[in-house]
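Here is the structure we will look at.
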Amino acid sequence: MKSIEDINRKIAEKTAAVWTVSEFKKHIRASDAVTPEDVDVVTCGTFGVMSGTAAVLAFQAADAGSFTHATKLTLNGVPAHIGPCPNENNGHVDAIVYGTTGSNRPGYGGGHLFADLVAGNFVEAQIDTDTGTTTKSVRLSDMSAAKMIVTRGAFRNYMAFVNPSEKEVKTIFSVLPMKGNMIQATFSGCGEINPLENDPTLRFHTPGTAALVNGARGIILGSGTRASAAKPNLSLAVDMHRMDPNLMGGFKMMAGCECLTSVATAIPVTDDAALAALSILDENISLPVANVMNRTAFDAAIYADAWKGDRRIRTDPAKCKTSDCSRCRDLCPREAIRPDLTITKACMGCLTCISVCPDGVYSAKTGVLHTRAGDVPIVLRQSDRLRGERIALLLRDEIRSGNWRLGGI
Ligand code: SF4
Ligand code: SF4
């Protein structure tokens, strides 16, 4: 048995054995006899739609004394909530922006705004005040504060949704209207690499523990909203200034904009119980299957079904023959398809382009949910396992550099 302080000492001396969750699972799949002597820390990660993400932003909007108080603010057209501090007469504005708020530009919302700020882009602030309306271009580096709060993140085993009714439905869980008769499924969750899947009792996810959020170091505040013993999640806080724009962003859905967020945490391998919790595999993780209309689970698949598919899609632009068609580019939730139909690094492998293209330009092994009612092909993933693995790797390297401390307050 090792204590967290023993492991912290090894981290500081750069002698700790730190593995990513994927490296660890390879050993488990190969039935290697891993003991707490072999590994000190395992880093886990997840990336996907996390609706409970918001940012607290503060910046100098105009000269001091030019207005008494701001009444309304938009950033790149995304409405913000002024306050909670009034900032009377000092020309400064504090505001909260929700990651899921849409703007006057179709397909652009809070999640896109956060990624633009982190990428160093100027955004247009329009501020209504008691003395008139003022506009200003502002960057993250101009902001006196930019803190992200995740109120509900890294959910353990989320859900898959199907539409058992006979009619198509529009839902927040699909990019296109969801076809009836259970012939399509959408799902969220990174399965065996998710931090809480590997520590379901939150033994090592206590308040004050450090975590990477969108690539920047933040802290765990505790459990998030709607957390339960069976489905725990986390709330986190983090400064936005050191985030990576490729590990976050916006996602254009049928019912509006969603916010993409990534979280990585470190699990100390102190004893056999920690090792046992880390040994869970996709094959043993239930993926509840719910009716999209009432969100009630009535069956269960497993994450191994969901993630059996390819992480990314293939494209064959020469097959595009339909004239006056731009469906793939219009409907890609990440706006990741170029005019020549090649794909940018913004792609998160959501699979939408495969369903919308009439010419079969896009292809991938997509995964199938095995339910009691039959096999249901997956048409949309709202999580990206590749980016989940990437943030776990980032955290592994950070810990190996000696620049990390385990444990909460
Ligand atoms: S899988 Fe297709 S639709 Fe989805 S993000 Fe990538 S390019 Fe866009
Ligand atoms: S959806 Fe298919 S057919 Fe239409 S433009 Fe895109 S690649 Fe071409």
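Following the order of the structure tokens, chains are lettered A, B, ..., residues in each are numbered from 1, and ligands are numbered from 1.
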Residues near stretch 340-354 of chain A, anyone? I mean within 10 Å using only C-alpha atoms, not counting same-chain ones fewer than 5 positions away, as a PyMOL selection string.
chain A and resi 47-48+174-176+186-187+245-249+251+310-318+320+326-335+359-366+378-387
Compile the contact shell of A:Trp307 as a CSV table (one decimal) with N, CA, C and O atoms, in the first residue's frame: residues with an atom at most 7 Å away, counting only C-alpha atoms, same-chain residues fewer than 3 positions apart removed.
chain,number,residue,atom,x,y,z
A,303,TYR,N,-20.7,-0.3,-23.7
A,303,TYR,CA,-19.8,0.7,-24.4
A,303,TYR,C,-18.9,0.0,-25.4
A,303,TYR,O,-18.5,0.6,-26.4
A,304,ALA,N,-18.7,-1.3,-25.3
A,304,ALA,CA,-17.8,-2.0,-26.3
A,304,ALA,C,-18.6,-2.0,-27.6
A,304,ALA,O,-17.9,-1.9,-28.7
A,367,GLY,N,-20.3,1.2,-35.4
A,367,GLY,CA,-20.7,0.6,-34.1
A,367,GLY,C,-22.3,0.4,-34.2
A,367,GLY,O,-23.0,1.1,-34.8
When you look at stretch 76-87 of chain A with a cut-off of 10 Å (counting only C-alpha atoms), what residues show up, excluding the ones that are within fewer than 4 positions of it in the same chain? I need them as a ChimeraX atom specification.
/A:55-58,64,68-72,91-105,108-113,116,122-127,137
Name the residues of stretch 134-275 of chain A that come out as helix (DSSP H, G or I) in a backbone DSSP run; write them as a list in words.
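Checking each residue of stretch 134-275 of chain A, the helix (DSSP H, G or I) ones are Leu140, Ser141, Asp142, Gly191, Glu192, Ile193, Pro195, Leu196, Glu197, Met240, His241, Arg242, Pro245, Asn246, Leu247, Asp272, Ala273, Ala274 and Leu275 of chain A.
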Atomic distance atom 8 (Fe, counted along the ligand's line) of ligand 2 - atom CA of A:Gly309, expressed in Å with one decimal:
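Distance between the two atoms: 23.1 Å.
Compared by their closest atoms to ligand 1, and using only C-alpha atoms and all ligand atoms, the residues A:Leu75, A:Val356, A:Ile267, A:Ala229 rank with A:Val356 nearest.
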DSSP strand (DSSP E) selection over stretch 233-356 of chain A, as number ranges by chain
A: 234-239, 249-253, 256-268, 286-291, 296-302, 314-315
Expected file contents, prior selection, N, CA, C and O atoms, as a compact mmCIF listing (two decimals), in the first residue's frame:
# COMPACT_ATOMS: atom_id res chain seq x y z
N LEU A 234 -18.92 15.59 -12.20
CA LEU A 234 -18.07 16.55 -11.47
C LEU A 234 -18.44 17.98 -11.79
O LEU A 234 -18.87 18.28 -12.92
N SER A 235 -18.24 18.87 -10.82
CA SER A 235 -18.19 20.30 -11.16
C SER A 235 -16.73 20.73 -11.00
O SER A 235 -16.01 20.22 -10.13
N LEU A 236 -16.33 21.64 -11.89
CA LEU A 236 -14.92 22.05 -11.93
C LEU A 236 -14.81 23.54 -12.20
O LEU A 236 -15.74 24.15 -12.74
N ALA A 237 -13.68 24.11 -11.82
CA ALA A 237 -13.41 25.52 -12.12
C ALA A 237 -12.01 25.62 -12.70
O ALA A 237 -11.09 24.92 -12.26
N VAL A 238 -11.83 26.52 -13.68
CA VAL A 238 -10.52 26.61 -14.35
C VAL A 238 -10.37 27.97 -15.01
O VAL A 238 -11.33 28.54 -15.52
N ASP A 239 -9.15 28.48 -14.99
CA ASP A 239 -8.83 29.71 -15.72
C ASP A 239 -8.74 29.38 -17.20
O ASP A 239 -8.16 28.36 -17.59
N GLY A 249 -14.93 23.52 -27.65
CA GLY A 249 -15.57 24.11 -28.83
C GLY A 249 -17.08 24.05 -28.79
O GLY A 249 -17.69 23.74 -27.77
N GLY A 250 -17.66 24.34 -29.94
CA GLY A 250 -19.11 24.32 -30.09
C GLY A 250 -19.53 23.15 -30.96
O GLY A 250 -18.72 22.58 -31.71
N PHE A 251 -20.79 22.80 -30.87
CA PHE A 251 -21.34 21.65 -31.61
C PHE A 251 -22.76 22.03 -32.02
O PHE A 251 -23.60 22.34 -31.17
N LYS A 252 -23.01 22.03 -33.32
CA LYS A 252 -24.29 22.51 -33.86
C LYS A 252 -25.29 21.35 -33.88
O LYS A 252 -25.06 20.37 -34.58
N MET A 253 -26.35 21.48 -33.09
CA MET A 253 -27.34 20.39 -33.02
C MET A 253 -28.65 20.85 -33.64
O MET A 253 -28.85 22.01 -33.94
N GLY A 256 -30.23 23.54 -31.42
CA GLY A 256 -29.42 24.68 -31.00
C GLY A 256 -27.96 24.29 -30.84
O GLY A 256 -27.53 23.25 -31.32
N CYS A 257 -27.24 25.15 -30.12
CA CYS A 257 -25.80 24.94 -29.98
C CYS A 257 -25.47 24.24 -28.68
O CYS A 257 -26.08 24.52 -27.65
N GLU A 258 -24.49 23.38 -28.74
CA GLU A 258 -24.01 22.70 -27.53
C GLU A 258 -22.55 23.06 -27.31
O GLU A 258 -21.88 23.58 -28.20
N CYS A 259 -22.07 22.76 -26.10
CA CYS A 259 -20.70 23.11 -25.72
C CYS A 259 -19.87 21.84 -25.53
O CYS A 259 -20.28 20.93 -24.81
N LEU A 260 -18.72 21.79 -26.19
CA LEU A 260 -17.81 20.65 -26.04
C LEU A 260 -16.73 20.98 -25.03
O LEU A 260 -16.12 22.06 -25.08
N THR A 261 -16.49 20.05 -24.13
CA THR A 261 -15.53 20.28 -23.04
C THR A 261 -14.73 19.00 -22.84
O THR A 261 -15.24 17.90 -23.06
N SER A 262 -13.47 19.15 -22.43
CA SER A 262 -12.67 17.96 -22.11
C SER A 262 -12.19 18.03 -20.66
O SER A 262 -11.94 19.12 -20.14
N VAL A 263 -12.09 16.87 -20.05
CA VAL A 263 -11.64 16.76 -18.64
C VAL A 263 -10.68 15.59 -18.51
O VAL A 263 -10.96 14.50 -19.03
N ALA A 264 -9.55 15.82 -17.85
CA ALA A 264 -8.64 14.71 -17.53
C ALA A 264 -8.31 14.77 -16.04
O ALA A 264 -8.13 15.86 -15.48
N THR A 265 -8.23 13.61 -15.42
CA THR A 265 -7.86 13.54 -14.00
C THR A 265 -6.85 12.42 -13.78
O THR A 265 -6.71 11.53 -14.63
N ALA A 266 -6.18 12.48 -12.64
CA ALA A 266 -5.15 11.50 -12.32
C ALA A 266 -5.62 10.62 -11.17
O ALA A 266 -6.07 11.14 -10.14
N ILE A 267 -5.52 9.32 -11.34
CA ILE A 267 -5.93 8.39 -10.28
C ILE A 267 -4.69 7.73 -9.69
O ILE A 267 -3.94 7.04 -10.40
N PRO A 268 -4.43 7.96 -8.39
CA PRO A 268 -3.26 7.32 -7.76
C PRO A 268 -3.54 5.83 -7.52
O PRO A 268 -4.62 5.48 -7.05
N SER A 286 -22.12 -0.75 -18.76
CA SER A 286 -23.47 -0.68 -19.31
C SER A 286 -23.71 0.68 -19.98
O SER A 286 -23.27 1.72 -19.48
N LEU A 287 -24.38 0.65 -21.12
CA LEU A 287 -24.80 1.88 -21.80
C LEU A 287 -26.33 1.84 -21.85
O LEU A 287 -26.92 1.18 -22.71
N PRO A 288 -26.99 2.49 -20.89
CA PRO A 288 -28.45 2.44 -20.87
C PRO A 288 -29.03 2.98 -22.18
O PRO A 288 -28.52 3.97 -22.72
N VAL A 289 -30.06 2.32 -22.67
CA VAL A 289 -30.71 2.76 -23.91
C VAL A 289 -32.07 3.34 -23.52
O VAL A 289 -32.90 2.67 -22.90
N ALA A 290 -32.29 4.61 -23.87
CA ALA A 290 -33.49 5.30 -23.42
C ALA A 290 -34.33 5.77 -24.61
O ALA A 290 -33.81 6.02 -25.70
N ASN A 291 -35.63 5.90 -24.34
CA ASN A 291 -36.55 6.51 -25.29
C ASN A 291 -36.26 8.00 -25.32
O ASN A 291 -36.31 8.66 -24.28
N THR A 296 -36.31 7.82 -20.56
CA THR A 296 -36.36 6.70 -19.62
C THR A 296 -35.68 5.49 -20.24
O THR A 296 -36.05 5.06 -21.35
N ALA A 297 -34.70 4.95 -19.52
CA ALA A 297 -33.98 3.79 -20.04
C ALA A 297 -34.88 2.57 -19.98
O ALA A 297 -35.57 2.34 -18.98
N PHE A 298 -34.93 1.79 -21.06
CA PHE A 298 -35.74 0.57 -21.07
C PHE A 298 -34.92 -0.64 -21.49
O PHE A 298 -35.41 -1.76 -21.58
N ASP A 299 -33.64 -0.42 -21.76
CA ASP A 299 -32.77 -1.52 -22.16
C ASP A 299 -31.33 -1.08 -21.89
O ASP A 299 -31.11 0.08 -21.49
N ALA A 300 -30.39 -1.95 -22.12
CA ALA A 300 -28.99 -1.55 -21.94
C ALA A 300 -28.12 -2.26 -22.95
O ALA A 300 -28.30 -3.46 -23.21
N ALA A 301 -27.22 -1.52 -23.55
CA ALA A 301 -26.17 -2.09 -24.40
C ALA A 301 -24.87 -1.98 -23.59
O ALA A 301 -24.91 -1.81 -22.37
N ILE A 302 -23.74 -2.09 -24.26
CA ILE A 302 -22.47 -1.90 -23.56
C ILE A 302 -21.61 -0.93 -24.37
O ILE A 302 -21.78 -0.79 -25.59
N ARG A 314 -13.62 8.16 -43.20
CA ARG A 314 -12.88 8.28 -44.46
C ARG A 314 -13.71 9.10 -45.44
O ARG A 314 -14.95 9.06 -45.38
N THR A 315 -13.05 9.80 -46.33
CA THR A 315 -13.79 10.59 -47.33
C THR A 315 -13.23 10.29 -48.72
O THR A 315 -12.03 10.13 -48.88
Name the residues in contact with A:Asp142 at a cut-off of 9 Å, using only C-alpha atoms, excluding same-chain residues fewer than 4 positions from it; report them as a PyMOL selection string.
chain A and resi 59-60+138
For A:Glu197, the nearest of the candidates A:Ser279, A:Ser22, A:Thr270, A:Ser223, counting only C-alpha atoms:
A:Ser279
For A:Leu275, list every protein, DNA or RNA residue within 12 Å, evaluated using only C-alpha atoms, and leave out those in the same chain fewer than 3 positions away; present the list as a list in words.
Met1, Val21, Phe24, Lys25, His27, Ile28, Ala33, Val34, Thr35, Pro36, Glu37, Asp38, Val39, Asp40, Val41, Val42, Asn198, Asp199, Ile267, Pro268, Val269, Thr270, Asp271, Asp272, Leu278, Ser279 and Ile280 of chain A
In Å, with one decimal, what is the gap from atom CA of A:Asp305 to atom CA of A:Glu283?
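Straight-line distance from atom CA of A:Asp305 to atom CA of A:Glu283 works out to 8.0 Å.
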So how many Å separate atom CA of A:Gly45 and atom CA of A:Arg390, to one decimal?
7.8 Å
Restricting the calculation to only C-alpha atoms: of A:Arg156, A:Lys10, A:Arg338, A:Lys147, which residue gets closest to A:Glu192?
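That would be A:Arg156, the residue with the smallest distance to A:Glu192.
Among the candidates A:Ala210, A:Ala230, A:Ala185, A:Leu202, the residue lying nearest to A:Phe173 is A:Ala185 (atoms considered: only C-alpha atoms).
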Polymer residues at most 9 Å from A:Leu394, only C-alpha atoms, same-chain spacing of 5 or more positions, as an mmCIF file with all heavy atoms, in the first residue's frame:
data_model
loop_
_atom_site.group_PDB
_atom_site.id
_atom_site.type_symbol
_atom_site.label_atom_id
_atom_site.label_comp_id
_atom_site.auth_asym_id
_atom_site.auth_seq_id
_atom_site.Cartn_x
_atom_site.Cartn_y
_atom_site.Cartn_z
ATOM 1 N N THR A 43 -3.778 8.231 -15.776
ATOM 2 C CA THR A 43 -4.514 9.442 -16.171
ATOM 3 C C THR A 43 -5.679 9.061 -17.081
ATOM 4 O O THR A 43 -5.523 8.285 -18.020
ATOM 5 C CB THR A 43 -3.591 10.443 -16.889
ATOM 6 O OG1 THR A 43 -3.069 9.844 -18.079
ATOM 7 C CG2 THR A 43 -2.464 10.890 -15.995
ATOM 8 N N LEU A 212 -7.264 18.592 -15.450
ATOM 9 C CA LEU A 212 -7.124 19.391 -16.671
ATOM 10 C C LEU A 212 -8.517 19.578 -17.259
ATOM 11 O O LEU A 212 -9.261 18.610 -17.429
ATOM 12 C CB LEU A 212 -6.259 18.680 -17.717
ATOM 13 C CG LEU A 212 -4.750 18.641 -17.529
ATOM 14 C CD1 LEU A 212 -4.095 18.019 -18.767
ATOM 15 C CD2 LEU A 212 -4.155 20.021 -17.278
ATOM 16 N N GLY A 215 -7.477 21.308 -21.406
ATOM 17 C CA GLY A 215 -6.019 21.402 -21.487
ATOM 18 C C GLY A 215 -5.393 22.300 -20.431
ATOM 19 O O GLY A 215 -4.169 22.347 -20.323
ATOM 20 N N ALA A 264 -9.555 15.823 -17.847
ATOM 21 C CA ALA A 264 -8.644 14.709 -17.525
ATOM 22 C C ALA A 264 -8.313 14.772 -16.041
ATOM 23 O O ALA A 264 -8.134 15.860 -15.480
ATOM 24 C CB ALA A 264 -7.364 14.804 -18.338
ATOM 25 N N GLU A 389 -8.588 10.539 -25.230
ATOM 26 C CA GLU A 389 -7.268 9.914 -25.058
ATOM 27 C C GLU A 389 -6.174 10.973 -25.103
ATOM 28 O O GLU A 389 -5.181 10.893 -24.371
ATOM 29 C CB GLU A 389 -7.045 8.862 -26.153
ATOM 30 C CG GLU A 389 -7.813 7.587 -25.879
ATOM 31 C CD GLU A 389 -7.955 6.673 -27.084
ATOM 32 O OE1 GLU A 389 -7.469 7.016 -28.181
ATOM 33 O OE2 GLU A 389 -8.594 5.604 -26.924
ATOM 34 N N ILE A 399 2.381 15.179 -15.560
ATOM 35 C CA ILE A 399 2.766 14.543 -14.281
ATOM 36 C C ILE A 399 4.207 14.014 -14.374
ATOM 37 O O ILE A 399 5.002 14.186 -13.454
ATOM 38 C CB ILE A 399 1.778 13.424 -13.907
ATOM 39 C CG1 ILE A 399 0.382 14.016 -13.710
ATOM 40 C CG2 ILE A 399 2.228 12.711 -12.633
ATOM 41 C CD1 ILE A 399 -0.717 12.992 -13.511
#
My list of candidates is A:Ser165, A:Asn214, A:Thr371, A:Ser401. Which is closest to A:Thr15 when distances are computed with only C-alpha atoms?
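Checking each candidate against A:Thr15, we get A:Ser401 as the closest.
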